[in-house]
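Input: a single structure, listed below in C-alpha cells.
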Amino acid sequence: MQKITAAVCHEFGAPLKLEEIILRAPETGEVEVKLDAVAICHSDISFAEGAWGGSLPAVYGHEAAGKVSAVGTGVKGIAVGDHVVVTLIRSCGTCASCAGGAPTLCSTPYDGDKGPIKTADGGTLHQAMACGAFAESVVVDQRQVVKISEDIPMECAALIACGVITGVGAVVNAAGLRAGQDVVVIGAGGVGLNAIQGARIAGARRIVAVDMSEEKLEIAREFGATDGILATEGKPWTAAKRAMGRGADAVIVTVGAIPAYDTAPRYLAYGGKVVMVGMPHSGQKSTYEPVVLAAVGQGMVGSKMGDVVIQRDIPWMVDLYTQGRLKLDELISGRWKLEQINEAIADTKTGAARRNVILFDR
C-alpha cells in the first residue's frame, strides 16, 4: 500500500479535488505504473459531468504513459523500469470477443469499485475506465499496457493511449479504408485530427474535414485534410460532395453531437458507411431513414477505441511517429500540472484545445 495524490470527483459537474488516496500493490497479472503524463479526453469530462452515470467518488483519466514501478506475479514481457503506454482497454484474453481478435469488445465485466484504489480513510473509490490515471500512479492489468521505446517523449506516448488509436483505428480498422477512397471527418478536435491523419496514412484520395470553426479547419489541413467545410453552411454535405466529386466512402463522426449523426449519412456515396466514434450523452437519440441506407447499400457501424489490438497497433503507430509520418507533438496544445487540472479541463471544454496534457514533475 502507498499513498499518492489524485484528482477525485465527488460530485458530477463539480471541480475535481486533489487529495491523498491509497493505491494497493499490484496483484497477479497486474502492473504498477508511475505516470509521467496523462492527457485530458472529452470522455473524462463527460463522465465527470454525469453524462453516462457511474459510481462516485471516482478517479478518471485514461490516456497515460509512464514507467513500470512494480509488477505482480505472473506478469510476462513487462519489467520494472519499462516505458509503457497505459490504456483503458482491459481484456480478459479468453472471452469470445478477445478470442476473435476484438479485445476492445471484451465481455468480461470489471468492477471499478473493487479496484486498486481507496480513499485516504479506506473507503470505496471508483477506478474509472479501469484506469484512474488522474493520479501519480496506477495499477492496471498487464494487458492494458504496451512497452514502448524510451526515445518517444512521454507526453506524446500518452496521446496514443486513446485519441490516436481511436481516430486512426476508426479509419484503418472500422472503416477498412482502401487507398484511393474518399473520407469525410466530422469534427476536427483531438480524435478528428487523428482520423484525418489516419486517412492520410491509409492513402485516401480526398479527406474532407467538417467543423464549426474555420480555425480548426486550418489545423485539419496541417494534419492531412485536402478540403475543409464549415458545418454552419446551409448544406455542408453538398459542399463536401462537390469537393470530392461524389459521396464519401466513409464518414467518420468524431463528435458526440446528435445533429452530426442526423446528417452524417447525407455525405455518403452508394455503398459507403458511417463510422460512429463520438459519444453523445445517454438517452440522446439520432434519426435516419433506413429505407435510404438499404436501397443504396449504405451502413452504420460503431467503433470503440478504433477497434484496435493494442499490442499490434500501438507499436505500429510509435514506428510511424519515429519516421515522422504520424504527428503527435503537434497535437499538444497545452501542458499543465496536476494541481491545474480543473483549469486544463475548462480549457478543453472551450473546444479550442487539440489535447491538453498533465505532466507529473519528477
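Letters A, B, ... mark the chains of the C-alpha cells in the order given; residue numbers begin at 1 per chain; ligand numbers begin at 1, in order shown.
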* Asked: Leaving out Ile358 (chain A) and any residue of its chain fewer than 5 positions from it, which residues lie within 12 Å of it when counting only C-alpha atoms, given as a PyMOL selection string?
  -> chain A and resi 6-7+35-41+61-65+133-136+154-156+158-159+332-345
If you keep N, CA, C and O atoms, can you produce a file of those selected residues as a tab-separated table (two decimals), in the first residue's frame?
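Output (result_1.tsv):
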```tsv
chain	number	residue	atom	x	y	z
A	6	ALA	N	-4.19	12.27	-6.12
A	6	ALA	CA	-5.07	12.07	-7.28
A	6	ALA	C	-6.10	13.19	-7.33
A	6	ALA	O	-6.38	13.86	-6.32
A	7	ALA	N	-6.67	13.41	-8.50
A	7	ALA	CA	-7.77	14.36	-8.68
A	7	ALA	C	-9.06	13.56	-8.61
A	7	ALA	O	-9.34	12.74	-9.49
A	35	LEU	N	3.23	7.43	-13.35
A	35	LEU	CA	2.90	8.17	-14.55
A	35	LEU	C	3.78	9.41	-14.75
A	35	LEU	O	4.15	10.10	-13.80
A	36	ASP	N	4.09	9.65	-15.99
A	36	ASP	CA	4.80	10.86	-16.39
A	36	ASP	C	3.86	11.85	-17.06
A	36	ASP	O	4.09	13.06	-17.00
A	37	ALA	N	2.82	11.33	-17.71
A	37	ALA	CA	1.90	12.21	-18.43
A	37	ALA	C	0.53	11.55	-18.56
A	37	ALA	O	0.42	10.33	-18.69
A	38	VAL	N	-0.51	12.37	-18.50
A	38	VAL	CA	-1.87	11.92	-18.78
A	38	VAL	C	-2.59	13.04	-19.52
A	38	VAL	O	-2.53	14.20	-19.12
A	39	ALA	N	-3.22	12.70	-20.64
A	39	ALA	CA	-3.94	13.70	-21.41
A	39	ALA	C	-5.40	13.75	-20.97
A	39	ALA	O	-5.92	12.81	-20.37
A	40	ILE	N	-6.04	14.87	-21.26
A	40	ILE	CA	-7.45	15.04	-20.90
A	40	ILE	C	-8.30	14.79	-22.14
A	40	ILE	O	-8.19	15.50	-23.14
A	41	CYS	N	-9.13	13.76	-22.05
A	41	CYS	CA	-10.02	13.38	-23.14
A	41	CYS	C	-11.42	13.89	-22.82
A	41	CYS	O	-11.81	14.00	-21.65
A	61	GLY	N	-9.48	9.68	-15.97
A	61	GLY	CA	-8.18	9.71	-16.63
A	61	GLY	C	-7.83	8.35	-17.21
A	61	GLY	O	-7.88	7.34	-16.51
A	62	HIS	N	-7.54	8.33	-18.53
A	62	HIS	CA	-7.29	7.03	-19.17
A	62	HIS	C	-6.34	7.12	-20.36
A	62	HIS	O	-6.18	6.14	-21.09
A	63	GLU	N	-5.70	8.25	-20.55
A	63	GLU	CA	-4.81	8.45	-21.70
A	63	GLU	C	-3.43	8.78	-21.16
A	63	GLU	O	-3.06	9.95	-21.03
A	64	ALA	N	-2.65	7.74	-20.82
A	64	ALA	CA	-1.47	7.97	-19.99
A	64	ALA	C	-0.24	7.20	-20.46
A	64	ALA	O	-0.32	6.27	-21.25
A	65	ALA	N	0.89	7.60	-19.90
A	65	ALA	CA	2.16	6.91	-20.15
A	65	ALA	C	3.07	7.13	-18.95
A	65	ALA	O	2.97	8.15	-18.25
A	133	ALA	N	-6.32	7.40	-14.16
A	133	ALA	CA	-4.98	7.96	-14.39
A	133	ALA	C	-4.82	9.44	-14.05
A	133	ALA	O	-3.76	10.00	-14.31
A	134	PHE	N	-5.84	10.08	-13.49
A	134	PHE	CA	-5.64	11.43	-12.97
A	134	PHE	C	-5.00	11.29	-11.59
A	134	PHE	O	-5.52	11.77	-10.58
A	135	ALA	N	-3.88	10.61	-11.56
A	135	ALA	CA	-3.19	10.29	-10.31
A	135	ALA	C	-1.72	10.07	-10.60
A	135	ALA	O	-1.32	9.85	-11.75
A	136	GLU	N	-0.92	10.10	-9.55
A	136	GLU	CA	0.53	9.97	-9.74
A	136	GLU	C	0.93	8.59	-10.21
A	136	GLU	O	1.93	8.43	-10.92
A	154	MET	N	7.20	11.05	-23.27
A	154	MET	CA	6.04	10.53	-22.56
A	154	MET	C	4.77	11.31	-22.87
A	154	MET	O	3.68	10.75	-22.94
A	155	GLU	N	4.89	12.62	-23.05
A	155	GLU	CA	3.70	13.42	-23.33
A	155	GLU	C	3.09	13.04	-24.68
A	155	GLU	O	1.87	13.12	-24.87
A	156	CYS	N	3.92	12.60	-25.61
A	156	CYS	CA	3.44	12.12	-26.91
A	156	CYS	C	2.90	10.71	-26.79
A	156	CYS	O	1.85	10.37	-27.37
A	158	ALA	N	1.51	9.33	-24.29
A	158	ALA	CA	0.21	9.33	-23.62
A	158	ALA	C	-0.94	9.48	-24.62
A	158	ALA	O	-1.99	8.86	-24.48
A	159	LEU	N	-0.74	10.30	-25.63
A	159	LEU	CA	-1.79	10.57	-26.60
A	159	LEU	C	-2.20	9.31	-27.36
A	159	LEU	O	-3.35	9.17	-27.79
A	332	ILE	N	-0.41	18.48	-29.16
A	332	ILE	CA	-0.40	19.04	-27.79
A	332	ILE	C	-0.57	20.55	-27.85
A	332	ILE	O	0.23	21.26	-28.43
A	333	SER	N	-1.64	21.01	-27.23
A	333	SER	CA	-1.89	22.46	-27.23
A	333	SER	C	-1.60	23.10	-25.88
A	333	SER	O	-1.46	24.32	-25.78
A	334	GLY	N	-1.51	22.30	-24.82
A	334	GLY	CA	-1.22	22.86	-23.51
A	334	GLY	C	-0.62	21.83	-22.58
A	334	GLY	O	-0.95	20.64	-22.65
A	335	ARG	N	0.29	22.28	-21.73
A	335	ARG	CA	0.93	21.41	-20.74
A	335	ARG	C	0.63	21.97	-19.36
A	335	ARG	O	0.86	23.15	-19.10
A	336	TRP	N	0.14	21.13	-18.47
A	336	TRP	CA	-0.34	21.58	-17.16
A	336	TRP	C	0.20	20.67	-16.06
A	336	TRP	O	0.65	19.56	-16.32
A	337	LYS	N	0.12	21.16	-14.83
A	337	LYS	CA	0.45	20.35	-13.67
A	337	LYS	C	-0.85	19.75	-13.11
A	337	LYS	O	-1.94	20.25	-13.40
A	338	LEU	N	-0.73	18.70	-12.28
A	338	LEU	CA	-1.91	18.05	-11.74
A	338	LEU	C	-2.77	19.04	-10.94
A	338	LEU	O	-4.00	18.98	-11.00
A	339	GLU	N	-2.12	19.95	-10.23
A	339	GLU	CA	-2.90	20.92	-9.45
A	339	GLU	C	-3.65	21.92	-10.33
A	339	GLU	O	-4.50	22.67	-9.84
A	340	GLN	N	-3.36	21.91	-11.61
A	340	GLN	CA	-4.06	22.80	-12.55
A	340	GLN	C	-5.12	22.05	-13.36
A	340	GLN	O	-5.62	22.56	-14.35
A	341	ILE	N	-5.49	20.86	-12.93
A	341	ILE	CA	-6.33	20.01	-13.76
A	341	ILE	C	-7.69	20.64	-14.08
A	341	ILE	O	-8.21	20.49	-15.18
A	342	ASN	N	-8.28	21.35	-13.13
A	342	ASN	CA	-9.58	21.97	-13.40
A	342	ASN	C	-9.47	23.08	-14.44
A	342	ASN	O	-10.37	23.27	-15.27
A	343	GLU	N	-8.34	23.79	-14.44
A	343	GLU	CA	-8.11	24.80	-15.46
A	343	GLU	C	-7.92	24.13	-16.83
A	343	GLU	O	-8.42	24.61	-17.85
A	344	ALA	N	-7.19	23.02	-16.83
A	344	ALA	CA	-6.96	22.29	-18.07
A	344	ALA	C	-8.26	21.74	-18.64
A	344	ALA	O	-8.48	21.75	-19.86
A	345	ILE	N	-9.14	21.28	-17.75
A	345	ILE	CA	-10.45	20.78	-18.19
A	345	ILE	C	-11.29	21.92	-18.76
A	345	ILE	O	-11.92	21.78	-19.82
```
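The residue set within 12 Å of Trp316 (chain A), counting only C-alpha atoms and dropping same-chain residues fewer than 2 places from it, reads A:Val146, A:Ile148, A:Ser149, A:Ile160, A:Val164, A:Ile165, A:Val168, A:Gly169, A:Ile201, A:Val308, A:Val309, A:Ile310, A:Gln311, A:Arg312, A:Asp313, A:Ile314, A:Val318, A:Asp319, A:Leu320, A:Tyr321, A:Thr322, A:Gln323, A:Arg325, A:Leu326.
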* Shell of 12 Å around Arg24 (chain A), only C-alpha atoms, local chain residues under 5 positions omitted, as a PyMOL selection string -> chain A and resi 1-4+30-32+70-72+114-120+122+137-140
* Asked: Nearest to Gly299 (chain A): which of A:Asp249, A:Asp347, A:Asp227, A:Asp121 is it, counting only C-alpha atoms?
  -> A:Asp249
* To do: Determine, counting only C-alpha atoms, which protein, DNA and RNA residues have an atom within 8 Å of an atom of Pro103 (chain A); residues of the same chain fewer than 2 positions away are not included. Present the result as a ChimeraX atom specification.
  => /A:89-93,97-99,101,105-106,307-309
Contact check, region 271-298 of chain A to region 177-184 of chain A, at most 12 Å, counting only C-alpha atoms, closest pairs as a Markdown table:
```
| residue | atom | partner | partner_atom | distance |
| --- | --- | --- | --- | --- |
| A:Gly271 | CA | A:Gln181 | CA | 12.0 |
| A:Gly272 | CA | A:Val183 | CA | 9.7 |
| A:Lys273 | CA | A:Val183 | CA | 10.0 |
| A:Val274 | CA | A:Val184 | CA | 9.4 |
| A:Val275 | CA | A:Val184 | CA | 10.3 |
```
* Find the residues around region 230-238 of chain A up to 12 Å (only C-alpha atoms counted), leave out those fewer than 3 positions away in its own chain, and share them as number ranges by chain. => A: 184-188, 208-218, 227, 241-248, 251, 259-260, 262-269
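Restricting the calculation to only C-alpha atoms, the smallest distance between Ala170 (chain A) and any of A:Leu56, A:Ala48, A:Ala130, A:Ile196 is found for A:Ile196.
You can rank A:Ser46, A:Thr5, A:Thr166, A:Gln142 by their closest distance to Lys304 (chain A) using only C-alpha atoms, and at the top of that list sits A:Thr166.
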* So which bits of region 41-83 of chain A end up alpha helix (DSSP H) when you DSSP the backbone, as a list in words? -> His42, Ser43, Asp44, Ile45, Ser46, Phe47 and Ala48 of chain A
* To do: For each of A:Thr73, A:Ser55, A:Thr94, A:Thr28, take the minimum atom-to-atom distance to Cys9 (chain A), counting only C-alpha atoms, then give the residue where this is smallest.
  => A:Ser55
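Nearest to Gly123 (chain A) of all the residues A:Pro57, A:Thr254, A:Gly29, A:Ser282 is A:Pro57, counting only C-alpha atoms.
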* Separation of CA of Lys76 (chain A) and CA of Gln144 (chain A), in Å? -> 12.8 Å
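Residue nearest Ala240 (chain A), chosen from A:Ile258, A:Gly224, A:Ile207, A:Phe12 and counting only C-alpha atoms: A:Ile207.
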